[in-house]
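Peer 1: Here you go, target_19.cif (mmCIF, C-alpha atoms and all ligand atoms; chains and numbers go by the auth columns):
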data_coords
loop_
_atom_site.group_PDB
_atom_site.id
_atom_site.type_symbol
_atom_site.label_atom_id
_atom_site.label_comp_id
_atom_site.label_asym_id
_atom_site.label_seq_id
_atom_site.Cartn_x
_atom_site.Cartn_y
_atom_site.Cartn_z
_atom_site.B_iso_or_equiv
_atom_site.auth_seq_id
_atom_site.auth_asym_id
ATOM 1 C CA MET A 1 4.824 -5.328 -27.209 0.00 260 A
ATOM 2 C CA ALA A 2 7.341 -7.156 -29.394 0.00 261 A
ATOM 3 C CA PRO A 3 9.061 -10.217 -27.931 0.00 262 A
ATOM 4 C CA ILE A 4 12.072 -9.251 -25.889 0.00 263 A
ATOM 5 C CA THR A 5 15.035 -10.852 -27.539 0.00 264 A
ATOM 6 C CA ASN A 6 18.308 -9.570 -26.204 0.00 265 A
ATOM 7 C CA GLU A 7 20.093 -9.187 -22.919 0.00 266 A
ATOM 8 C CA GLN A 8 19.879 -5.394 -22.944 0.00 267 A
ATOM 9 C CA GLU A 9 16.139 -5.440 -23.399 0.00 268 A
ATOM 10 C CA LEU A 10 15.831 -7.918 -20.552 0.00 269 A
ATOM 11 C CA GLN A 11 17.790 -5.608 -18.301 0.00 270 A
ATOM 12 C CA LYS A 12 15.553 -2.717 -19.278 0.00 271 A
ATOM 13 C CA THR A 13 12.556 -4.848 -18.362 0.00 272 A
ATOM 14 C CA GLU A 14 14.036 -5.624 -14.974 0.00 273 A
ATOM 15 C CA PHE A 15 14.778 -1.948 -14.433 0.00 274 A
ATOM 16 C CA ARG A 16 11.235 -0.984 -15.361 0.00 275 A
ATOM 17 C CA TRP A 17 9.843 -3.546 -12.974 0.00 276 A
ATOM 18 C CA ALA A 18 12.143 -2.310 -10.206 0.00 277 A
ATOM 19 C CA MET A 19 10.767 1.202 -10.805 0.00 278 A
ATOM 20 C CA ILE A 20 7.195 -0.069 -10.548 0.00 279 A
ATOM 21 C CA VAL A 21 7.952 -1.865 -7.290 0.00 280 A
ATOM 22 C CA THR A 22 9.713 1.217 -5.935 0.00 281 A
ATOM 23 C CA GLY A 23 6.671 3.260 -6.926 0.00 282 A
ATOM 24 C CA ALA A 24 4.294 0.881 -5.140 0.00 283 A
ATOM 25 C CA VAL A 25 6.373 0.914 -1.967 0.00 284 A
ATOM 26 C CA THR A 26 6.597 4.720 -2.183 0.00 285 A
ATOM 27 C CA VAL A 27 2.799 4.939 -2.398 0.00 286 A
ATOM 28 C CA LEU A 28 2.381 2.780 0.722 0.00 287 A
ATOM 29 C CA PHE A 29 4.949 4.778 2.686 0.00 288 A
ATOM 30 C CA ALA A 30 3.468 8.057 1.477 0.00 289 A
ATOM 31 C CA VAL A 31 0.002 7.040 2.690 0.00 290 A
ATOM 32 C CA ILE A 32 1.390 6.057 6.100 0.00 291 A
ATOM 33 C CA GLY A 33 3.532 9.197 6.227 0.00 292 A
ATOM 34 C CA ILE A 34 0.665 11.519 5.337 0.00 293 A
ATOM 35 C CA SER A 35 -1.694 9.936 7.852 0.00 294 A
ATOM 36 C CA SER A 36 0.856 10.011 10.656 0.00 295 A
ATOM 37 C CA PHE A 37 2.374 13.451 10.063 0.00 296 A
ATOM 38 C CA VAL A 38 -0.413 15.455 8.421 0.00 297 A
ATOM 39 C CA MET A 39 -3.442 13.799 10.045 0.00 298 A
ATOM 40 C CA ALA A 40 -1.494 13.113 13.270 0.00 299 A
ATOM 41 C CA LEU A 41 -2.593 9.472 13.351 0.00 300 A
ATOM 42 C CA HIS A 42 -0.423 7.366 15.570 0.00 301 A
ATOM 43 C CA PRO A 43 -0.920 4.433 17.918 0.00 302 A
ATOM 44 C CA PRO A 44 -1.851 5.206 21.519 0.00 303 A
ATOM 45 C CA SER A 45 1.413 5.715 23.370 0.00 304 A
ATOM 46 C CA HIS A 46 0.304 6.955 26.749 0.00 305 A
ATOM 47 C CA VAL A 47 2.628 5.881 29.568 0.00 306 A
ATOM 48 C CA GLU A 48 1.380 6.286 33.112 0.00 307 A
ATOM 49 C CA SER A 49 2.146 4.045 36.048 0.00 308 A
ATOM 50 C CA ILE A 50 -0.034 3.058 38.978 0.00 309 A
ATOM 51 C CA ASP A 51 0.480 0.711 41.917 0.00 310 A
ATOM 52 C CA PRO A 52 -1.429 -2.448 40.943 0.00 311 A
ATOM 53 C CA ALA A 53 -1.782 -3.546 44.575 0.00 312 A
ATOM 54 C CA THR A 54 -3.798 -0.465 45.541 0.00 313 A
ATOM 55 C CA VAL A 55 -5.772 0.153 42.359 0.00 314 A
ATOM 56 C CA SER A 56 -9.175 -0.189 44.025 0.00 315 A
ATOM 57 C CA GLN A 57 -8.137 2.201 46.821 0.00 316 A
ATOM 58 C CA SER A 58 -6.902 4.801 44.363 0.00 317 A
ATOM 59 C CA LYS A 59 -9.043 7.896 43.946 0.00 318 A
ATOM 60 C CA GLU A 60 -9.476 7.460 40.213 0.00 319 A
ATOM 61 C CA PHE A 61 -10.189 3.725 40.088 0.00 320 A
ATOM 62 C CA ALA A 62 -12.309 3.473 43.233 0.00 321 A
ATOM 63 C CA GLU A 63 -15.444 1.464 42.504 0.00 322 A
ATOM 64 C CA SER A 64 -17.739 4.490 42.734 0.00 323 A
ATOM 65 C CA ASN A 65 -15.646 6.331 40.161 0.00 324 A
ATOM 66 C CA LEU A 66 -15.645 3.570 37.526 0.00 325 A
ATOM 67 C CA GLY A 67 -17.656 3.792 34.341 0.00 326 A
ATOM 68 C CA THR A 68 -18.522 6.750 32.152 0.00 327 A
ATOM 69 C CA SER A 69 -18.338 10.254 33.514 0.00 328 A
ATOM 70 C CA VAL A 70 -18.817 13.601 31.831 0.00 329 A
ATOM 71 C CA ASP A 71 -16.843 16.491 33.273 0.00 330 A
ATOM 72 C CA PRO A 72 -18.434 19.946 33.556 0.00 331 A
ATOM 73 C CA ASP A 73 -16.443 20.993 30.476 0.00 332 A
ATOM 74 C CA GLY A 74 -18.053 18.167 28.482 0.00 333 A
ATOM 75 C CA ALA A 75 -15.053 15.846 28.322 0.00 334 A
ATOM 76 C CA VAL A 76 -16.101 12.199 28.428 0.00 335 A
ATOM 77 C CA THR A 77 -13.887 9.774 30.342 0.00 336 A
ATOM 78 C CA VAL A 78 -14.464 6.054 30.815 0.00 337 A
ATOM 79 C CA ARG A 79 -12.637 4.345 33.658 0.00 338 A
ATOM 80 C CA ILE A 80 -12.489 0.563 33.681 0.00 339 A
ATOM 81 C CA ILE A 81 -10.781 -2.077 35.778 0.00 340 A
ATOM 82 C CA ALA A 82 -9.837 -5.185 33.839 0.00 341 A
ATOM 83 C CA THR A 83 -9.574 -8.097 36.258 0.00 342 A
ATOM 84 C CA GLN A 84 -9.752 -11.886 36.115 0.00 343 A
ATOM 85 C CA PHE A 85 -12.293 -12.422 34.503 0.00 344 A
ATOM 86 C CA ALA A 86 -14.390 -9.336 33.935 0.00 345 A
ATOM 87 C CA PHE A 87 -14.353 -5.708 32.980 0.00 346 A
ATOM 88 C CA VAL A 88 -15.824 -3.412 35.625 0.00 347 A
ATOM 89 C CA PRO A 89 -18.283 -2.031 34.669 0.00 348 A
ATOM 90 C CA ARG A 90 -19.570 -4.475 32.125 0.00 349 A
ATOM 91 C CA CYS A 91 -21.819 -2.118 30.167 0.00 350 A
ATOM 92 C CA ILE A 92 -20.141 1.069 29.039 0.00 351 A
ATOM 93 C CA PRO A 93 -22.310 3.854 27.589 0.00 352 A
ATOM 94 C CA VAL A 94 -20.597 6.471 25.411 0.00 353 A
ATOM 95 C CA PRO A 95 -22.042 9.372 23.404 0.00 354 A
ATOM 96 C CA GLN A 96 -21.974 9.086 19.628 0.00 355 A
ATOM 97 C CA GLY A 97 -19.713 11.473 17.725 0.00 356 A
ATOM 98 C CA LYS A 98 -17.890 12.929 20.726 0.00 357 A
ATOM 99 C CA PRO A 99 -14.277 12.430 21.798 0.00 358 A
ATOM 100 C CA VAL A 100 -14.064 9.757 24.488 0.00 359 A
ATOM 101 C CA THR A 101 -11.053 8.954 26.653 0.00 360 A
ATOM 102 C CA ILE A 102 -10.912 5.355 27.860 0.00 361 A
ATOM 103 C CA ARG A 103 -8.655 4.638 30.818 0.00 362 A
ATOM 104 C CA VAL A 104 -8.109 1.044 31.897 0.00 363 A
ATOM 105 C CA THR A 105 -5.867 -0.646 34.420 0.00 364 A
ATOM 106 C CA SER A 106 -5.412 -4.131 35.834 0.00 365 A
ATOM 107 C CA PRO A 107 -4.839 -5.181 39.454 0.00 366 A
ATOM 108 C CA ASP A 108 -3.773 -8.725 38.542 0.00 367 A
ATOM 109 C CA VAL A 109 -2.428 -10.009 35.226 0.00 368 A
ATOM 110 C CA ILE A 110 -2.032 -8.684 31.689 0.00 369 A
ATOM 111 C CA HIS A 111 -5.341 -8.169 29.929 0.00 370 A
ATOM 112 C CA GLY A 112 -6.227 -6.268 26.802 0.00 371 A
ATOM 113 C CA PHE A 113 -9.258 -5.116 24.910 0.00 372 A
ATOM 114 C CA LEU A 114 -10.519 -4.177 21.517 0.00 373 A
ATOM 115 C CA ILE A 115 -13.825 -2.594 20.647 0.00 374 A
ATOM 116 C CA ALA A 116 -15.410 -4.331 17.667 0.00 375 A
ATOM 117 C CA GLY A 117 -15.902 -2.116 14.632 0.00 376 A
ATOM 118 C CA THR A 118 -13.506 0.554 15.895 0.00 377 A
ATOM 119 C CA ASN A 119 -9.751 1.036 15.989 0.00 378 A
ATOM 120 C CA ALA A 120 -9.687 1.013 19.808 0.00 379 A
ATOM 121 C CA ASN A 121 -7.333 -1.794 20.750 0.00 380 A
ATOM 122 C CA THR A 122 -4.715 -1.915 23.487 0.00 381 A
ATOM 123 C CA MET A 123 -3.089 -4.085 26.101 0.00 382 A
ATOM 124 C CA VAL A 124 -3.811 -3.544 29.781 0.00 383 A
ATOM 125 C CA VAL A 125 -0.690 -4.181 31.815 0.00 384 A
ATOM 126 C CA PRO A 126 -0.760 -4.203 35.626 0.00 385 A
ATOM 127 C CA GLY A 127 1.194 -1.245 36.954 0.00 386 A
ATOM 128 C CA TYR A 128 0.170 0.977 34.046 0.00 387 A
ATOM 129 C CA VAL A 129 -2.888 2.901 32.942 0.00 388 A
ATOM 130 C CA ALA A 130 -3.788 2.185 29.322 0.00 389 A
ATOM 131 C CA GLU A 131 -5.391 5.184 27.679 0.00 390 A
ATOM 132 C CA VAL A 132 -7.123 5.275 24.304 0.00 391 A
ATOM 133 C CA ARG A 133 -8.909 8.294 22.887 0.00 392 A
ATOM 134 C CA THR A 134 -11.350 7.900 20.042 0.00 393 A
ATOM 135 C CA VAL A 135 -14.676 9.038 18.609 0.00 394 A
ATOM 136 C CA PHE A 136 -17.469 6.504 18.179 0.00 395 A
ATOM 137 C CA GLY A 137 -19.281 7.109 14.908 0.00 396 A
ATOM 138 C CA THR A 138 -21.798 4.269 14.791 0.00 397 A
ATOM 139 C CA ALA A 139 -24.575 3.995 17.351 0.00 398 A
ATOM 140 C CA GLY A 140 -25.291 0.575 18.813 0.00 399 A
ATOM 141 C CA ASP A 141 -23.647 -2.107 20.913 0.00 400 A
ATOM 142 C CA HIS A 142 -20.018 -2.954 20.284 0.00 401 A
ATOM 143 C CA LEU A 143 -18.540 -6.063 21.841 0.00 402 A
ATOM 144 C CA MET A 144 -15.400 -5.449 23.854 0.00 403 A
ATOM 145 C CA PRO A 145 -13.614 -8.742 24.550 0.00 404 A
ATOM 146 C CA CYS A 146 -10.401 -9.270 26.478 0.00 405 A
ATOM 147 C CA HIS A 147 -7.802 -10.188 23.863 0.00 406 A
ATOM 148 C CA GLU A 148 -4.869 -11.277 26.036 0.00 407 A
ATOM 149 C CA PHE A 149 -5.144 -14.775 27.441 0.00 408 A
ATOM 150 C CA CYS A 150 -5.456 -14.112 31.164 0.00 409 A
ATOM 151 C CA GLY A 151 -6.462 -17.478 32.624 0.00 410 A
ATOM 152 C CA LEU A 152 -9.166 -20.123 32.472 0.00 411 A
ATOM 153 C CA GLY A 153 -12.015 -17.599 32.438 0.00 412 A
ATOM 154 C CA HIS A 154 -10.516 -15.536 29.648 0.00 413 A
ATOM 155 C CA SER A 155 -13.230 -16.429 27.142 0.00 414 A
ATOM 156 C CA GLU A 156 -15.890 -15.144 29.550 0.00 415 A
ATOM 157 C CA MET A 157 -14.191 -11.796 29.909 0.00 416 A
ATOM 158 C CA TRP A 158 -16.009 -9.201 27.835 0.00 417 A
ATOM 159 C CA ALA A 159 -17.852 -5.927 28.138 0.00 418 A
ATOM 160 C CA LEU A 160 -20.261 -4.061 25.927 0.00 419 A
ATOM 161 C CA VAL A 161 -19.707 -0.516 24.662 0.00 420 A
ATOM 162 C CA ARG A 162 -23.089 1.087 24.018 0.00 421 A
ATOM 163 C CA VAL A 163 -22.793 4.027 21.641 0.00 422 A
ATOM 164 C CA VAL A 164 -25.783 6.258 22.345 0.00 423 A
ATOM 165 C CA PRO A 165 -27.025 8.882 19.839 0.00 424 A
ATOM 166 C CA GLN A 166 -26.628 12.465 21.111 0.00 425 A
ATOM 167 C CA ALA A 167 -30.403 12.947 21.379 0.00 426 A
ATOM 168 C CA GLN A 168 -30.749 10.041 23.803 0.00 427 A
ATOM 169 C CA TRP A 169 -27.571 10.702 25.763 0.00 428 A
ATOM 170 C CA GLN A 170 -28.252 11.219 29.465 0.00 429 A
ATOM 171 C CA THR A 171 -26.172 11.599 32.574 0.00 430 A
ATOM 172 C CA ASP A 172 -27.170 11.873 36.216 0.00 431 A
ATOM 173 C CA ALA A 173 -26.490 14.876 38.440 0.00 432 A
ATOM 174 C CA ASP A 174 -22.883 13.724 39.044 0.00 433 A
ATOM 175 C CA GLY A 175 -22.223 13.501 35.318 0.00 434 A
ATOM 176 C CA LYS A 176 -22.256 9.692 35.399 0.00 435 A
ATOM 177 C CA ALA A 177 -23.814 7.554 32.676 0.00 436 A
ATOM 178 C CA ARG A 178 -24.868 3.947 33.172 0.00 437 A
ATOM 179 C CA CYS A 179 -26.354 1.141 31.143 0.00 438 A
ATOM 180 C CA ASP A 180 -27.396 -2.475 31.578 0.00 439 A
ATOM 181 C CA ILE A 181 -26.876 -5.585 29.544 0.00 440 A
ATOM 182 C CA SER A 182 -30.320 -7.113 29.163 0.00 441 A
ATOM 183 C CA ARG A 183 -29.777 -10.759 28.479 0.00 442 A
ATOM 184 C CA MET B 1 29.415 -49.454 2.904 0.00 48 B
ATOM 185 C CA ASN B 2 27.985 -48.072 -0.276 0.00 49 B
ATOM 186 C CA PHE B 3 24.315 -47.147 -0.619 0.00 50 B
ATOM 187 C CA GLY B 4 24.808 -45.744 -4.086 0.00 51 B
ATOM 188 C CA LEU B 5 25.099 -42.240 -2.707 0.00 52 B
ATOM 189 C CA GLY B 6 27.933 -41.406 -5.081 0.00 53 B
ATOM 190 C CA GLU B 7 25.799 -42.178 -8.066 0.00 54 B
ATOM 191 C CA PHE B 8 22.909 -40.174 -6.580 0.00 55 B
ATOM 192 C CA MET B 9 25.107 -37.115 -6.072 0.00 56 B
ATOM 193 C CA SER B 10 26.603 -37.342 -9.514 0.00 57 B
ATOM 194 C CA ASN B 11 23.085 -37.214 -10.935 0.00 58 B
ATOM 195 C CA PHE B 12 22.514 -34.021 -8.951 0.00 59 B
ATOM 196 C CA ASP B 13 25.709 -32.504 -10.245 0.00 60 B
ATOM 197 C CA ARG B 14 24.911 -33.231 -13.852 0.00 61 B
ATOM 198 C CA SER B 15 24.805 -29.998 -15.783 0.00 62 B
ATOM 199 C CA SER B 16 21.717 -29.124 -17.785 0.00 63 B
ATOM 200 C CA ASP B 17 23.345 -29.609 -21.148 0.00 64 B
ATOM 201 C CA SER B 18 23.738 -33.328 -20.567 0.00 65 B
ATOM 202 C CA PRO B 19 20.177 -34.474 -19.900 0.00 66 B
ATOM 203 C CA PRO B 20 19.670 -37.375 -17.480 0.00 67 B
ATOM 204 C CA PRO B 21 18.992 -40.735 -19.125 0.00 68 B
ATOM 205 C CA GLY B 22 15.226 -40.485 -18.584 0.00 69 B
ATOM 206 C CA ASP B 23 15.036 -37.238 -20.525 0.00 70 B
ATOM 207 C CA THR B 24 16.437 -38.509 -23.798 0.00 71 B
ATOM 208 C CA LEU B 25 12.899 -38.885 -25.115 0.00 72 B
ATOM 209 C CA ASP B 26 12.026 -35.276 -24.184 0.00 73 B
ATOM 210 C CA PRO B 27 10.910 -33.706 -27.463 0.00 74 B
ATOM 211 C CA ILE B 28 11.800 -30.162 -26.323 0.00 75 B
ATOM 212 C CA THR B 29 15.214 -29.140 -27.561 0.00 76 B
ATOM 213 C CA ASP B 30 17.392 -26.621 -25.807 0.00 77 B
ATOM 214 C CA ALA B 31 16.929 -24.243 -28.704 0.00 78 B
ATOM 215 C CA ALA B 32 13.149 -24.420 -28.444 0.00 79 B
ATOM 216 C CA LEU B 33 13.364 -23.836 -24.697 0.00 80 B
ATOM 217 C CA GLU B 34 15.599 -20.816 -25.208 0.00 81 B
ATOM 218 C CA ASP B 35 13.137 -19.467 -27.726 0.00 82 B
ATOM 219 C CA VAL B 36 10.225 -19.757 -25.329 0.00 83 B
ATOM 220 C CA LEU B 37 12.130 -18.223 -22.438 0.00 84 B
ATOM 221 C CA LYS B 38 12.847 -15.132 -24.525 0.00 85 B
ATOM 222 C CA THR B 39 9.200 -14.103 -24.514 0.00 86 B
ATOM 223 C CA VAL B 40 8.482 -14.940 -20.887 0.00 87 B
ATOM 224 C CA PRO B 41 9.083 -11.476 -19.373 0.00 88 B
ATOM 225 C CA GLN B 42 5.902 -10.110 -20.984 0.00 89 B
ATOM 226 C CA GLY B 43 3.740 -12.703 -19.311 0.00 90 B
ATOM 227 C CA ALA B 44 5.655 -12.320 -16.081 0.00 91 B
ATOM 228 C CA PHE B 45 5.179 -8.561 -16.318 0.00 92 B
ATOM 229 C CA ALA B 46 1.447 -8.953 -16.761 0.00 93 B
ATOM 230 C CA LEU B 47 1.085 -11.500 -13.969 0.00 94 B
ATOM 231 C CA ALA B 48 3.340 -9.740 -11.470 0.00 95 B
ATOM 232 C CA GLY B 49 1.864 -6.367 -12.363 0.00 96 B
ATOM 233 C CA ALA B 50 -1.698 -7.559 -11.893 0.00 97 B
ATOM 234 C CA ALA B 51 -0.849 -9.356 -8.632 0.00 98 B
ATOM 235 C CA MET B 52 1.000 -6.393 -7.169 0.00 99 B
ATOM 236 C CA GLY B 53 -1.555 -3.887 -8.429 0.00 100 B
ATOM 237 C CA LEU B 54 -4.356 -5.816 -6.777 0.00 101 B
ATOM 238 C CA LEU B 55 -2.344 -6.134 -3.572 0.00 102 B
ATOM 239 C CA VAL B 56 -1.673 -2.388 -3.402 0.00 103 B
ATOM 240 C CA LEU B 57 -5.315 -1.597 -4.206 0.00 104 B
ATOM 241 C CA ALA B 58 -6.545 -4.037 -1.558 0.00 105 B
ATOM 242 C CA TRP B 59 -4.189 -2.517 1.010 0.00 106 B
ATOM 243 C CA LEU B 60 -5.371 0.997 0.132 0.00 107 B
ATOM 244 C CA ALA B 61 -9.001 -0.103 0.287 0.00 108 B
ATOM 245 C CA VAL B 62 -8.537 -1.595 3.774 0.00 109 B
ATOM 246 C CA TYR B 63 -6.600 1.459 4.914 0.00 110 B
ATOM 247 C CA VAL B 64 -9.078 4.039 3.622 0.00 111 B
ATOM 248 C CA PHE B 65 -12.425 2.272 3.936 0.00 112 B
ATOM 249 C CA ILE B 66 -11.817 0.345 7.160 0.00 113 B
ATOM 250 C CA PHE B 67 -8.929 1.830 9.127 0.00 114 B
ATOM 251 C CA LEU B 68 -9.497 5.527 8.380 0.00 115 B
ATOM 252 C CA ALA B 69 -13.296 5.143 8.227 0.00 116 B
ATOM 253 C CA ARG B 70 -13.329 3.801 11.787 0.00 117 B
ATOM 254 C CA GLY B 71 -12.012 7.119 13.027 0.00 118 B
ATOM 255 C CA PRO B 72 -8.734 8.154 14.555 0.00 119 B
ATOM 256 C CA ILE B 73 -7.390 6.850 17.841 0.00 120 B
ATOM 257 C CA SER B 74 -4.682 8.383 19.945 0.00 121 B
HETATM 258 CU CU CU C . -8.519 -10.842 30.550 0.00 501 C
#
Kindly return the structure encoded in the file as structure tokens.
Ligand SMILES: [Cu+2]

Peer 2:
Amino acid sequence: MAPITNEQELQKTEFRWAMIVTGAVTVLFAVIGISSFVMALHPPSHVESIDPATVSQSKEFAESNLGTSVDPDGAVTVRIIATQFAFVPRCIPVPQGKPVTIRVTSPDVIHGFLIAGTNANTMVVPGYVAEVRTVFGTAGDHLMPCHEFCGLGHSEMWALVRVVPQAQWQTDADGKARCDISR
Amino acid sequence: MNFGLGEFMSNFDRSSDSPPPGDTLDPITDAALEDVLKTVPQGAFALAGAAMGLLVLAWLAVYVFIFLARGPIS
């Protein structure tokens, strides 16, 4: 390229650069647009309210109903209570490669969770049920820490999501699956 | 009271074609500077292009190989 020597050439250069920048921004927006409209990828936006004072007496979040359950039609639902300073239950088994619905609520303060190595990540606000649906592709243990500061014990607040290969996936007669953290 | 602020400000206001006293020994003339500036856009093009290209590629790599690879959520 010959040295640019006059004002007009400089303006052309600026115009070219503006086109390149516009192109780059268009690419980014196109990728986001395609994934949200064609692949229907969008952040969890489930809104459902619940009385935080009576969470443990509710039918769905009663202690016996917490954890992983598989409905007769094969749908997998995980119900968790996030409370100061623990997730109940602490070990959460899920089948590998199957759609899983995670439903979490809090009886006290705002919590949140993310599941390491996955896109599952949401806040857990008292008065609401947070719902995230995803498919776990990699077998193994995934750490699930609370990611909203919820008090002095916040750093101790974590659970473990155990992704179990289909061949080893087991449920009891009620369709419940359980696991233990051995350490 | 006078802390010499007036003199300070007048140094700030000095236009570039009257170099401050310290710059009289500067061997670069205005003409030479002008000459150099004329060829700058090519280097700027290369630098900005490489920086932005890498940024877009890195963003796409994170999006495709981490975000999309982790599977959809809803
Ligand atoms: Cu917490």

Peer 1: Listing only residues of chain B within 9 Å of chain A, what is the closest atom pair and its distance in Å (to one decimal) for each, using all atoms listed in the file, sorted by chain and residue number ascending, as CSV?

Peer 2:
residue,atom,partner,partner_atom,distance
B:Asp82,CA,A:Thr264,CA,8.8
B:Lys85,CA,A:Thr264,CA,5.7
B:Thr86,CA,A:Pro262,CA,5.2
B:Val87,CA,A:Ile263,CA,8.4
B:Pro88,CA,A:Ile263,CA,7.5
B:Gln89,CA,A:Pro262,CA,7.6
B:Phe92,CA,A:Trp276,CA,7.6
B:Gly96,CA,A:Ile279,CA,8.4
B:Met99,CA,A:Ala283,CA,8.2
B:Gly100,CA,A:Ala283,CA,8.2
B:Val103,CA,A:Ala283,CA,7.0
B:Trp106,CA,A:Leu287,CA,8.4
B:Leu107,CA,A:Leu287,CA,8.0
B:Tyr110,CA,A:Val290,CA,8.9
B:Ile113,CA,A:Gly376,CA,8.9
B:Phe114,CA,A:Asn378,CA,7.0
B:Leu115,CA,A:Asn378,CA,8.8
B:Ala116,CA,A:Thr377,CA,8.9
B:Arg117,CA,A:Thr377,CA,5.2
B:Gly118,CA,A:Val394,CA,6.5
B:Pro119,CA,A:Thr393,CA,6.1
B:Ile120,CA,A:Thr393,CA,4.7
B:Ser121,CA,A:Pro303,CA,4.5

Peer 1: Check which residues fall inside 6 Å of ligand CU 501 (chain C) when counting only C-alpha atoms and all ligand atoms, and print them as a VMD selection string.

Peer 2: chain A and resid 343 to 344 370 405 407 409 413 416

Peer 1: I'd like to know which of A:Phe288, A:Phe274, A:Phe408, A:Trp428 is closest to Pro352 of chain A, using all atoms listed in the file.

Peer 2: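 Going through A:Phe288, A:Phe274, A:Phe408, A:Trp428 one by one, the smallest distance to Pro352 of chain A is for A:Trp428.
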
Peer 1: By how many Å are atom CA of Glu415 of chain A and atom CA of Ala345 of chain A apart?

Peer 2: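 These atoms are spaced 7.4 Å apart.
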
Peer 1: So the first atom is atom CA of Asp330 of chain A and the second is atom CA of Lys318 of chain A; what is the distance between them in Å, to one decimal place?

Peer 2: 15.8 Å

Peer 1: Write out as a PyMOL selection string which residues come within 9 Å of Val363 of chain A when counting all atoms listed in the file, dropping same-chain ones fewer than 4 positions away.

Peer 2: chain A and resi 320+337-341+383+387-391

Peer 1: Provide the atom CA of Ser308 of chain A to atom CA of Val368 of chain A distance in Å, to one decimal place.

Peer 2: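 Between these atoms lies a distance of 14.8 Å.
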
Peer 1: Please expand the PyMOL selection byres (((chain A and resi 436) around 10) and not hetatm) into the concrete residues it hits in this file, giving the result as a ChimeraX atom specification.

Peer 2: /A:326-329,335,337,351-354,428-435,437-438

Peer 1: Of the residues A:Val297, A:Cys350, A:Met278, A:Ile369, which is the one nearest to Gly410 of chain A, using only C-alpha atoms?

Peer 2: A:Ile369

Peer 1: Need to verify the contact set: Ala418 of chain A, 6 Å, all atoms listed in the file, exclusion of same-chain residues closer than 4 positions in sequence. Can you return it as a list in words?

Peer 2: Phe346, Arg349, Cys350 and Met403 of chain A
